[in-house]
$ cat structure-v9.cif   # mmCIF, C-alpha atoms
data_coords
loop_
_atom_site.label_atom_id
_atom_site.label_comp_id
_atom_site.auth_asym_id
_atom_site.auth_seq_id
_atom_site.Cartn_x
_atom_site.Cartn_y
_atom_site.Cartn_z
CA MET Q 1 38.26 -103.99 114.80
CA SER Q 2 39.87 -106.51 112.48
CA PRO Q 3 42.51 -105.31 109.97
CA PRO Q 4 40.43 -106.28 106.87
CA ARG Q 5 37.49 -104.22 108.14
CA GLN Q 6 39.77 -101.27 108.86
CA ARG Q 7 41.18 -101.45 105.32
CA ARG Q 8 37.66 -101.51 103.88
CA ARG Q 9 36.69 -98.48 105.94
CA ARG Q 10 39.78 -96.54 104.86
CA LYS Q 11 39.12 -97.50 101.25
CA GLY Q 12 35.51 -96.36 101.54
CA ARG Q 13 36.58 -93.02 103.02
CA LEU Q 14 39.10 -92.53 100.23
CA HIS Q 15 36.44 -93.21 97.60
CA ALA Q 16 34.07 -90.76 99.30
CA VAL Q 17 36.74 -88.04 99.40
CA LEU Q 18 37.62 -88.58 95.74
CA PHE Q 19 33.95 -88.56 94.76
CA HIS Q 20 33.18 -85.30 96.57
CA ALA Q 21 36.37 -83.65 95.32
CA THR Q 22 35.52 -84.57 91.74
CA ALA Q 23 31.95 -83.35 92.20
CA LEU Q 24 33.16 -80.03 93.58
CA LEU Q 25 35.59 -79.62 90.67
CA VAL Q 26 32.91 -80.33 88.08
CA ALA Q 27 30.47 -77.97 89.84
CA PHE Q 28 33.13 -75.24 89.86
CA LEU Q 29 33.79 -75.69 86.12
CA PHE Q 30 30.08 -75.29 85.40
CA LEU Q 31 29.38 -72.46 87.83
CA ALA Q 32 32.51 -70.38 87.21
CA PRO Q 33 31.40 -68.97 83.81
CA ILE Q 34 28.00 -68.07 85.25
CA ALA Q 35 29.62 -66.33 88.22
CA PHE Q 36 32.03 -64.47 85.92
CA VAL Q 37 29.15 -63.16 83.78
CA VAL Q 38 27.09 -62.04 86.77
CA LEU Q 39 30.04 -60.30 88.44
CA ALA Q 40 31.15 -58.65 85.18
CA SER Q 41 27.66 -57.20 84.68
CA PHE Q 42 28.23 -54.96 87.74
CA ARG Q 43 31.41 -53.39 86.37
CA GLY Q 44 31.44 -49.73 85.51
CA PRO Q 45 31.66 -48.44 81.89
CA ALA Q 46 35.41 -47.84 82.11
CA GLU Q 47 36.05 -51.33 83.45
CA ALA Q 48 33.58 -53.32 81.32
CA GLY Q 49 36.00 -53.83 78.43
CA MET Q 50 38.97 -54.82 80.56
CA PRO Q 51 40.30 -58.42 80.80
CA PRO Q 52 37.91 -60.81 82.55
CA LEU Q 53 40.24 -61.56 85.48
CA PRO Q 54 39.59 -60.74 88.18
CA PRO Q 55 35.87 -61.04 87.38
CA TRP Q 56 34.65 -58.82 90.22
CA PRO Q 57 34.56 -55.01 89.87
CA THR Q 58 37.77 -53.35 91.04
CA MET Q 59 36.77 -49.73 90.34
CA GLY Q 60 33.43 -49.79 92.09
CA ALA Q 61 30.34 -51.85 91.40
CA GLY Q 62 27.26 -50.33 89.83
CA LEU Q 63 24.13 -50.90 87.74
CA ALA Q 64 25.22 -48.76 84.78
CA SER Q 65 25.16 -51.73 82.40
CA TYR Q 66 21.59 -52.58 83.38
CA GLY Q 67 20.69 -48.92 82.98
CA ARG Q 68 21.94 -48.93 79.38
CA LEU Q 69 19.78 -51.99 78.71
CA GLU Q 70 16.72 -50.30 80.18
CA ASN Q 71 17.34 -47.12 78.17
CA PHE Q 72 17.73 -48.97 74.87
CA GLY Q 73 14.61 -48.94 72.70
CA ASP Q 74 11.48 -49.84 74.65
CA GLY Q 75 13.38 -51.12 77.67
CA ILE Q 76 14.63 -54.50 78.78
CA LEU Q 77 11.30 -55.46 80.38
CA HIS Q 78 9.48 -54.98 77.08
CA TYR Q 79 11.86 -57.29 75.21
CA ALA Q 80 11.82 -59.79 78.07
CA GLY Q 81 8.04 -59.81 77.75
CA ASN Q 82 8.38 -60.58 74.04
CA SER Q 83 10.69 -63.50 74.80
CA PHE Q 84 8.41 -64.75 77.56
CA PHE Q 85 5.37 -64.65 75.25
CA VAL Q 86 7.20 -66.56 72.52
CA ALA Q 87 8.73 -69.13 74.90
CA LEU Q 88 5.55 -69.74 76.89
CA GLY Q 89 3.41 -69.95 73.74
CA THR Q 90 5.86 -72.40 72.20
CA ALA Q 91 5.87 -74.57 75.32
CA LEU Q 92 2.07 -74.68 75.64
CA VAL Q 93 1.35 -75.43 71.97
CA THR Q 94 4.15 -78.01 71.83
CA ILE Q 95 2.81 -79.77 74.93
CA LEU Q 96 -0.72 -79.87 73.53
CA VAL Q 97 0.19 -81.18 70.07
CA ALA Q 98 2.95 -83.55 71.23
CA THR Q 99 0.75 -85.07 73.95
CA LEU Q 100 -2.09 -85.80 71.54
CA ALA Q 101 0.27 -87.11 68.85
CA GLY Q 102 2.29 -89.20 71.31
CA TYR Q 103 -0.89 -90.77 72.72
CA GLY Q 104 -2.12 -91.56 69.21
CA PHE Q 105 1.14 -93.19 68.16
CA SER Q 106 1.30 -95.16 71.41
CA ARG Q 107 -2.26 -96.44 71.75
CA TYR Q 108 -3.96 -96.42 68.33
CA ARG Q 109 -3.43 -98.52 65.23
CA PHE Q 110 -3.81 -96.95 61.81
CA PRO Q 111 -2.40 -97.60 58.33
CA MET Q 112 1.27 -96.67 57.81
CA LYS Q 113 1.67 -95.77 61.47
CA GLY Q 114 5.35 -96.77 61.57
CA LEU Q 115 6.15 -94.90 58.34
CA ALA Q 116 4.44 -91.74 59.59
CA PHE Q 117 6.43 -91.86 62.83
CA VAL Q 118 9.71 -92.38 60.99
CA LEU Q 119 8.92 -89.47 58.65
CA ILE Q 120 8.28 -87.22 61.64
CA LEU Q 121 11.58 -88.19 63.23
CA SER Q 122 13.47 -87.85 59.94
CA THR Q 123 12.72 -84.12 59.86
CA ILE Q 124 15.23 -83.74 62.70
CA MET Q 125 17.97 -84.43 60.14
CA ILE Q 126 16.99 -81.40 58.04
CA PRO Q 127 19.13 -78.35 58.97
CA PHE Q 128 16.94 -75.50 60.11
CA GLN Q 129 19.01 -72.99 58.17
CA SER Q 130 18.17 -74.73 54.87
CA ILE Q 131 14.43 -74.07 55.20
CA LEU Q 132 14.55 -70.45 56.33
CA THR Q 133 13.52 -69.14 52.90
CA PRO Q 134 10.44 -71.40 52.50
CA LEU Q 135 9.36 -70.65 56.06
CA PHE Q 136 9.72 -66.93 55.45
CA LEU Q 137 7.56 -67.16 52.30
CA ILE Q 138 4.91 -69.25 54.08
CA LEU Q 139 4.66 -66.78 56.96
CA ALA Q 140 4.45 -63.89 54.50
CA LYS Q 141 1.57 -65.61 52.66
CA MET Q 142 -0.23 -66.18 55.96
CA GLY Q 143 0.31 -62.59 57.08
CA LEU Q 144 2.32 -63.74 60.11
CA GLN Q 145 5.74 -62.47 59.08
CA ASN Q 146 7.19 -60.02 61.62
CA THR Q 147 4.79 -61.23 64.33
CA LEU Q 148 5.46 -63.01 67.59
CA SER Q 149 2.65 -65.48 66.83
CA GLY Q 150 4.35 -66.49 63.59
CA LEU Q 151 7.60 -67.00 65.48
CA VAL Q 152 5.76 -69.26 67.93
CA LEU Q 153 4.52 -71.42 65.04
CA ILE Q 154 8.06 -71.73 63.68
CA TYR Q 155 9.44 -72.82 67.05
CA VAL Q 156 6.60 -75.31 67.58
CA THR Q 157 7.31 -76.85 64.18
CA LEU Q 158 10.97 -77.29 65.07
CA GLN Q 159 10.21 -78.78 68.50
CA LEU Q 160 7.50 -81.26 67.52
CA PRO Q 161 9.56 -84.18 66.12
CA PHE Q 162 11.60 -84.66 69.29
CA SER Q 163 8.61 -83.86 71.52
CA VAL Q 164 6.36 -86.43 69.81
CA PHE Q 165 9.13 -89.01 70.21
CA MET Q 166 9.43 -88.29 73.94
CA MET Q 167 5.68 -88.36 74.55
CA ARG Q 168 5.21 -91.63 72.68
CA ASN Q 169 7.89 -93.19 74.89
CA ALA Q 170 6.20 -91.76 77.98
CA PHE Q 171 2.83 -93.28 77.04
CA ASP Q 172 4.48 -96.59 76.12
CA ALA Q 173 5.87 -96.81 79.66
CA VAL Q 174 2.32 -96.71 81.14
CA PRO Q 175 0.73 -100.20 81.42
CA LYS Q 176 -2.35 -100.60 79.23
CA GLU Q 177 -4.15 -102.28 82.10
CA ILE Q 178 -4.50 -98.89 83.84
CA GLU Q 179 -6.22 -97.45 80.80
CA GLU Q 180 -8.47 -100.50 80.44
CA ALA Q 181 -9.49 -100.27 84.11
CA ALA Q 182 -10.39 -96.60 83.64
CA ARG Q 183 -12.53 -97.44 80.61
CA ILE Q 184 -14.37 -100.09 82.60
CA ASP Q 185 -15.12 -97.43 85.24
CA GLY Q 186 -16.63 -95.24 82.52
CA VAL Q 187 -13.79 -92.80 81.97
CA LYS Q 188 -13.31 -92.31 78.24
CA GLY Q 189 -12.13 -89.84 75.62
CA LEU Q 190 -10.52 -86.60 76.70
CA ARG Q 191 -11.25 -87.24 80.39
CA LEU Q 192 -9.21 -90.43 80.21
CA LEU Q 193 -6.27 -88.61 78.67
CA VAL Q 194 -6.36 -85.66 81.08
CA PHE Q 195 -7.29 -87.19 84.45
CA VAL Q 196 -5.90 -90.74 84.17
CA MET Q 197 -3.01 -90.71 81.71
CA GLY Q 198 -1.99 -87.09 82.30
CA PRO Q 199 -0.64 -87.50 85.86
CA LEU Q 200 1.20 -90.69 84.84
CA VAL Q 201 3.07 -89.01 81.98
CA LEU Q 202 3.56 -85.70 83.80
CA PRO Q 203 7.38 -86.00 83.82
CA GLY Q 204 7.36 -86.38 80.04
CA ILE Q 205 5.04 -83.41 79.65
CA VAL Q 206 7.26 -81.26 81.87
CA SER Q 207 10.38 -82.33 79.97
CA VAL Q 208 8.78 -81.48 76.61
CA GLY Q 209 7.62 -78.10 77.90
CA LEU Q 210 10.99 -77.34 79.46
CA PHE Q 211 12.87 -78.18 76.27
CA ALA Q 212 10.48 -76.08 74.19
CA PHE Q 213 10.62 -73.11 76.58
CA LEU Q 214 14.42 -73.03 76.87
CA ASN Q 215 15.00 -73.48 73.14
CA ALA Q 216 12.52 -70.74 72.24
CA TRP Q 217 13.90 -68.42 74.95
CA ASN Q 218 17.48 -68.72 73.66
CA GLU Q 219 16.86 -69.06 69.91
CA PHE Q 220 18.46 -66.31 67.84
CA LEU Q 221 18.55 -67.01 64.10
CA ALA Q 222 14.83 -67.39 63.40
CA ALA Q 223 13.99 -64.34 65.52
CA LEU Q 224 16.62 -62.31 63.65
CA VAL Q 225 15.26 -63.36 60.23
CA PHE Q 226 11.51 -63.20 60.85
CA LEU Q 227 11.33 -60.09 63.07
CA THR Q 228 12.10 -56.74 61.47
CA ASP Q 229 10.32 -54.37 63.87
CA GLN Q 230 12.61 -53.44 66.77
CA SER Q 231 9.70 -53.29 69.22
CA LYS Q 232 9.11 -57.03 68.62
CA PHE Q 233 12.68 -58.15 69.18
CA THR Q 234 13.32 -60.97 71.63
CA LEU Q 235 16.20 -60.86 74.10
CA PRO Q 236 18.77 -62.73 71.93
CA VAL Q 237 18.16 -60.29 69.05
CA LEU Q 238 18.31 -57.38 71.48
CA MET Q 239 21.81 -58.47 72.49
CA THR Q 240 23.08 -57.98 68.93
CA ALA Q 241 21.49 -54.55 68.74
CA VAL Q 242 22.76 -53.28 72.09
CA ARG Q 243 26.27 -54.74 71.91
CA SER Q 244 27.69 -52.00 69.67
CA GLY Q 245 29.10 -49.13 71.63
CA ARG Q 246 30.71 -45.91 70.44
CA TYR Q 247 32.86 -45.97 67.31
CA GLY Q 248 32.13 -49.65 66.71
CA ALA Q 249 33.40 -50.84 70.10
CA VAL Q 250 31.58 -53.71 71.79
CA ASP Q 251 29.65 -52.73 74.92
CA TRP Q 252 30.66 -55.75 76.97
CA GLY Q 253 28.96 -54.43 80.08
CA ALA Q 254 25.56 -54.31 78.40
CA VAL Q 255 26.13 -57.74 76.88
CA GLN Q 256 27.01 -59.28 80.27
CA ALA Q 257 23.99 -57.61 81.88
CA GLY Q 258 21.73 -58.92 79.13
CA VAL Q 259 23.10 -62.44 79.47
CA THR Q 260 22.49 -62.28 83.23
CA VAL Q 261 18.88 -61.24 82.69
CA MET Q 262 18.41 -64.05 80.17
CA MET Q 263 19.82 -66.66 82.56
CA ILE Q 264 17.49 -65.94 85.46
CA PRO Q 265 14.24 -67.49 84.09
CA CYS Q 266 16.12 -70.50 82.70
CA LEU Q 267 17.83 -71.23 86.03
CA LEU Q 268 14.67 -70.78 88.09
CA LEU Q 269 12.59 -72.92 85.74
CA PHE Q 270 15.12 -75.73 85.59
CA LEU Q 271 15.72 -75.77 89.35
CA ALA Q 272 11.96 -75.89 90.00
CA LEU Q 273 11.28 -78.70 87.51
CA GLN Q 274 14.51 -80.69 87.51
CA ARG Q 275 13.03 -83.75 89.25
CA PHE Q 276 10.32 -84.02 86.59
CA TYR Q 277 12.89 -83.35 83.88
CA ILE Q 278 15.17 -86.22 84.94
CA ARG Q 279 12.24 -88.64 85.25
CA GLY Q 280 10.91 -87.54 81.87
CA LEU Q 281 14.20 -88.21 80.11
CA THR Q 282 14.22 -91.80 81.37
CA ALA Q 283 10.54 -92.46 80.61
CA GLY Q 284 10.20 -95.52 78.45
CA ALA Q 285 13.77 -96.65 79.08
CA VAL Q 286 12.66 -99.49 81.37
CA LYS Q 287 9.35 -101.30 81.16
#
$ encode --input "structure-v9.cif" --output "structure tokens"
Amino acid sequence: MSPPRQRRRRKGRLHAVLFHATALLVAFLFLAPIAFVVLASFRGPAEAGMPPLPPWPTMGAGLASYGRLENFGDGILHYAGNSFFVALGTALVTILVATLAGYGFSRYRFPMKGLAFVLILSTIMIPFQSILTPLFLILAKMGLQNTLSGLVLIYVTLQLPFSVFMMRNAFDAVPKEIEEAARIDGVKGLRLLVFVMGPLVLPGIVSVGLFAFLNAWNEFLAALVFLTDQSKFTLPVLMTAVRSGRYGAVDWGAVQAGVTVMMIPCLLLFLALQRFYIRGLTAGAVK
């Protein structure tokens, strides 16, 4: 083998080693906090408040922290069900409204279309905290204050601007010739949107639903303000209620166990849908 080719091979191997070493370092930095939380959730009550290193239990592992979560109020499964109802409802309603709105902005012409789209996007600049009082009064007037359904409506309202933007880009990336061919074949109206356009913009739909689900699952402030009945608490609000131990001490074991429970659906959902998520983020970037 000639010397230039040998140098190129050595250089390629060096680049591969550096690439994999960097990837492993970045993966460790991301996974280490998750591993610390999961391991700390198995510590006993006497060890839960000790320094985080080493993260694994040194006085015997156990499920005492999870037991305290289950014995608090109506139980961890009840509050997880509340969070799942809110997150799933938010994702479904957001997908429905954003898909219809994105298709309308992408394919139809109507007066002041550009201005309406800009106004929808401009609402992203409004801090959510600044409209808590009006939202609270509106929900009270509608009789939806202190209800999970009202919380779903709040989350959908907050998710729609970004979701409509993503869905419009997803529909813009689909050639109009496909839609015209379907119309010639007699497919029109809702059937066209569901059976022809739907599979083509599926990555965008999954991305919108994933964003809405994760944001609603982890949101804390709105749930704390709009929910006053403990039986309707979501998991983030439950964490603030269960974190106080005896004499004002923080029950770190229960907090770590609660965080572990909250992570599981997010990790499983993202790992299952990550290929659609990545394709959805790049939809409309290249025509």
$ atom_distance --input "structure-v9.cif" --atom1 "atom CA of Ala272 of chain Q" --atom2 "atom CA of Leu210 of chain Q"
10.7 Å
$ atom_distance --input "structure-v9.cif" --atom1 "atom CA of Ser149 of chain Q" --atom2 "atom CA of Gly89 of chain Q"
8.3 Å
$ closest_atom_pairs --input "structure-v9.cif" --of "segment 148-240 of chain Q" --to "segment 128-141 of chain Q" --cutoff "8 Å" --atoms "only C-alpha atoms" --output "tab-separated table"
residue	atom	partner	partner_atom	distance
Q:Gly150	CA	Q:Leu139	CA	6.6
Q:Ile154	CA	Q:Leu135	CA	7.8
Q:Leu158	CA	Q:Phe128	CA	8.0
Q:Ala222	CA	Q:Leu132	CA	7.7
Q:Phe226	CA	Q:Phe136	CA	6.8
$ write_last_selection --input "structure-v9.cif" --atoms "C-alpha atoms" --output "compact mmCIF listing (two decimals), in the frame of the given file"
# COMPACT_ATOMS: atom_id res chain seq x y z
CA GLY Q 150 4.35 -66.49 63.59
CA ILE Q 154 8.06 -71.73 63.68
CA LEU Q 158 10.97 -77.29 65.07
CA ALA Q 222 14.83 -67.39 63.40
CA PHE Q 226 11.51 -63.20 60.85
$ closest_residue --input "structure-v9.cif" --among "Q:Val26, Q:Ala16, Q:Leu121, Q:Val208" --to "Ile95 of chain Q" --atoms "only C-alpha atoms"
Q:Val208
$ closest_residue --input "structure-v9.cif" --among "Q:Leu160, Q:Ala87, Q:Val97, Q:Ala64" --to "Ile124 of chain Q" --atoms "all atoms listed in the file"
Q:Leu160
$ resolve_selection --input "structure-v9.cif" --expression "the PyMOL selection byres ((chain Q and resi 70-76) around 12)" --output "mmCIF file with C-alpha atoms, in the coordinates of the input"
data_model
loop_
_atom_site.group_PDB
_atom_site.id
_atom_site.type_symbol
_atom_site.label_atom_id
_atom_site.label_comp_id
_atom_site.auth_asym_id
_atom_site.auth_seq_id
_atom_site.Cartn_x
_atom_site.Cartn_y
_atom_site.Cartn_z
ATOM 1 C CA LEU Q 63 24.130 -50.900 87.740
ATOM 2 C CA ALA Q 64 25.220 -48.760 84.780
ATOM 3 C CA SER Q 65 25.160 -51.730 82.400
ATOM 4 C CA TYR Q 66 21.590 -52.580 83.380
ATOM 5 C CA GLY Q 67 20.690 -48.920 82.980
ATOM 6 C CA ARG Q 68 21.940 -48.930 79.380
ATOM 7 C CA LEU Q 69 19.780 -51.990 78.710
ATOM 8 C CA LEU Q 77 11.300 -55.460 80.380
ATOM 9 C CA HIS Q 78 9.480 -54.980 77.080
ATOM 10 C CA TYR Q 79 11.860 -57.290 75.210
ATOM 11 C CA ALA Q 80 11.820 -59.790 78.070
ATOM 12 C CA GLY Q 81 8.040 -59.810 77.750
ATOM 13 C CA ASN Q 82 8.380 -60.580 74.040
ATOM 14 C CA SER Q 83 10.690 -63.500 74.800
ATOM 15 C CA ASP Q 229 10.320 -54.370 63.870
ATOM 16 C CA GLN Q 230 12.610 -53.440 66.770
ATOM 17 C CA SER Q 231 9.700 -53.290 69.220
ATOM 18 C CA LYS Q 232 9.110 -57.030 68.620
ATOM 19 C CA PHE Q 233 12.680 -58.150 69.180
ATOM 20 C CA THR Q 234 13.320 -60.970 71.630
ATOM 21 C CA LEU Q 235 16.200 -60.860 74.100
ATOM 22 C CA PRO Q 236 18.770 -62.730 71.930
ATOM 23 C CA VAL Q 237 18.160 -60.290 69.050
ATOM 24 C CA LEU Q 238 18.310 -57.380 71.480
ATOM 25 C CA MET Q 239 21.810 -58.470 72.490
ATOM 26 C CA ALA Q 241 21.490 -54.550 68.740
ATOM 27 C CA VAL Q 242 22.760 -53.280 72.090
ATOM 28 C CA ARG Q 243 26.270 -54.740 71.910
ATOM 29 C CA SER Q 244 27.690 -52.000 69.670
ATOM 30 C CA GLY Q 245 29.100 -49.130 71.630
ATOM 31 C CA ALA Q 254 25.560 -54.310 78.400
ATOM 32 C CA ALA Q 257 23.990 -57.610 81.880
ATOM 33 C CA GLY Q 258 21.730 -58.920 79.130
ATOM 34 C CA VAL Q 259 23.100 -62.440 79.470
ATOM 35 C CA THR Q 260 22.490 -62.280 83.230
ATOM 36 C CA VAL Q 261 18.880 -61.240 82.690
ATOM 37 C CA MET Q 262 18.410 -64.050 80.170
#
$ atom_distance --input "structure-v9.cif" --atom1 "atom CA of Phe85 of chain Q" --atom2 "atom CA of Ala223 of chain Q"
13.0 Å
$ closest_atom_pairs --input "structure-v9.cif" --of "segment 191-226 of chain Q" --to "segment 164-169 of chain Q" --cutoff "10 Å" --atoms "all atoms listed in the file" --output "tab-separated table"
residue	atom	partner	partner_atom	distance
Q:Val201	CA	Q:Met167	CA	7.9
Q:Leu202	CA	Q:Met167	CA	9.9
Q:Pro203	CA	Q:Met167	CA	9.7
Q:Gly204	CA	Q:Met167	CA	6.1
Q:Ile205	CA	Q:Met167	CA	7.1
Q:Ser207	CA	Q:Met166	CA	8.5
Q:Val208	CA	Q:Met166	CA	7.3
$ residues_around --input "structure-v9.cif" --residues "Arg107 of chain Q" --least-positions-apart "6" --cutoff "9 Å" --atoms "all atoms listed in the file" --output "number ranges by chain"
Q: 168, 171-172, 176
$ resolve_selection --input "structure-v9.cif" --expression "the PyMOL selection byres ((chain Q and resi 34) around 12)" --output "PyMOL selection string"
chain Q and resi 27-33+35-41+55+256-257+259-264+267
$ closest_residue --input "structure-v9.cif" --among "Q:Trp252, Q:Ala170, Q:Leu25, Q:Gly189" --to "Ala98 of chain Q" --atoms "all atoms listed in the file"
Q:Ala170
$ closest_residue --input "structure-v9.cif" --among "Q:Val86, Q:Ile184, Q:Ala21, Q:Ile120" --to "Phe213 of chain Q" --atoms "all atoms listed in the file"
Q:Val86
$ closest_atom_pairs --input "structure-v9.cif" --of "segment 101-182 of chain Q" --to "segment 194-200 of chain Q" --cutoff "8 Å" --atoms "all atoms listed in the file" --output "CSV"
residue,atom,partner,partner_atom,distance
Q:Phe171,CA,Q:Met197,CA,7.9
Q:Val174,CA,Q:Leu200,CA,7.2
Q:Glu179,CA,Q:Val196,CA,7.5
Q:Ala182,CA,Q:Val196,CA,7.4
$ closest_residue --input "structure-v9.cif" --among "Q:Trp217, Q:Phe276, Q:Phe42, Q:Phe84" --to "Tyr155 of chain Q" --atoms "only C-alpha atoms"
Q:Trp217
$ closest_residue --input "structure-v9.cif" --among "Q:Leu214, Q:Tyr103, Q:Ser163, Q:Arg43" --to "Leu268 of chain Q" --atoms "only C-alpha atoms"
Q:Leu214
$ decode --input "structure-v9.cif" --residues "segment 151-209 of chain Q" --atoms "C-alpha atoms" --output "tab-separated table (two decimals), in the first residue's frame"
chain	number	residue	atom	x	y	z
Q	151	LEU	CA	-56.76	22.67	31.71
Q	152	VAL	CA	-56.74	20.85	28.36
Q	153	LEU	CA	-58.24	23.93	26.67
Q	154	ILE	CA	-55.56	26.15	28.20
Q	155	TYR	CA	-52.76	23.89	27.00
Q	156	VAL	CA	-54.26	23.63	23.50
Q	157	THR	CA	-54.44	27.41	23.28
Q	158	LEU	CA	-50.78	27.70	24.20
Q	159	GLN	CA	-49.69	24.99	21.74
Q	160	LEU	CA	-51.65	26.10	18.69
Q	161	PRO	CA	-49.48	28.95	17.32
Q	162	PHE	CA	-46.35	26.81	16.98
Q	163	SER	CA	-48.38	23.77	15.89
Q	164	VAL	CA	-50.18	25.68	13.12
Q	165	PHE	CA	-46.82	26.97	11.91
Q	166	MET	CA	-45.38	23.45	11.76
Q	167	MET	CA	-48.41	21.98	9.98
Q	168	ARG	CA	-48.50	24.75	7.38
Q	169	ASN	CA	-44.84	24.02	6.59
Q	170	ALA	CA	-45.61	20.30	6.39
Q	171	PHE	CA	-48.43	20.85	3.88
Q	172	ASP	CA	-46.31	23.32	1.90
Q	173	ALA	CA	-43.70	20.58	1.41
Q	174	VAL	CA	-46.27	18.33	-0.34
Q	175	PRO	CA	-46.48	18.97	-4.12
Q	176	LYS	CA	-49.86	20.30	-5.21
Q	177	GLU	CA	-49.85	17.89	-8.14
Q	178	ILE	CA	-50.54	15.00	-5.75
Q	179	GLU	CA	-53.64	16.75	-4.45
Q	180	GLU	CA	-54.79	17.63	-7.98
Q	181	ALA	CA	-54.38	14.01	-9.10
Q	182	ALA	CA	-56.48	12.84	-6.14
Q	183	ARG	CA	-59.22	15.32	-7.02
Q	184	ILE	CA	-59.26	14.06	-10.60
Q	185	ASP	CA	-59.75	10.53	-9.23
Q	186	GLY	CA	-62.77	11.76	-7.27
Q	187	VAL	CA	-61.25	12.07	-3.81
Q	188	LYS	CA	-62.38	15.35	-2.27
Q	189	GLY	CA	-63.10	17.08	1.02
Q	190	LEU	CA	-62.29	15.31	4.26
Q	191	ARG	CA	-61.35	12.07	2.49
Q	192	LEU	CA	-58.65	13.93	0.59
Q	193	LEU	CA	-57.21	15.37	3.79
Q	194	VAL	CA	-57.31	12.10	5.74
Q	195	PHE	CA	-56.38	9.43	3.19
Q	196	VAL	CA	-54.17	11.34	0.73
Q	197	MET	CA	-52.58	14.25	2.56
Q	198	GLY	CA	-52.59	12.65	6.01
Q	199	PRO	CA	-49.95	9.96	5.34
Q	200	LEU	CA	-47.73	12.51	3.56
Q	201	VAL	CA	-47.70	14.92	6.51
Q	202	LEU	CA	-47.61	12.19	9.17
Q	203	PRO	CA	-44.17	13.25	10.49
Q	204	GLY	CA	-45.49	16.77	11.07
Q	205	ILE	CA	-48.59	15.43	12.81
Q	206	VAL	CA	-46.48	13.21	15.07
Q	207	SER	CA	-44.14	16.10	15.90
Q	208	VAL	CA	-47.05	18.38	16.79
Q	209	GLY	CA	-48.64	15.69	18.96
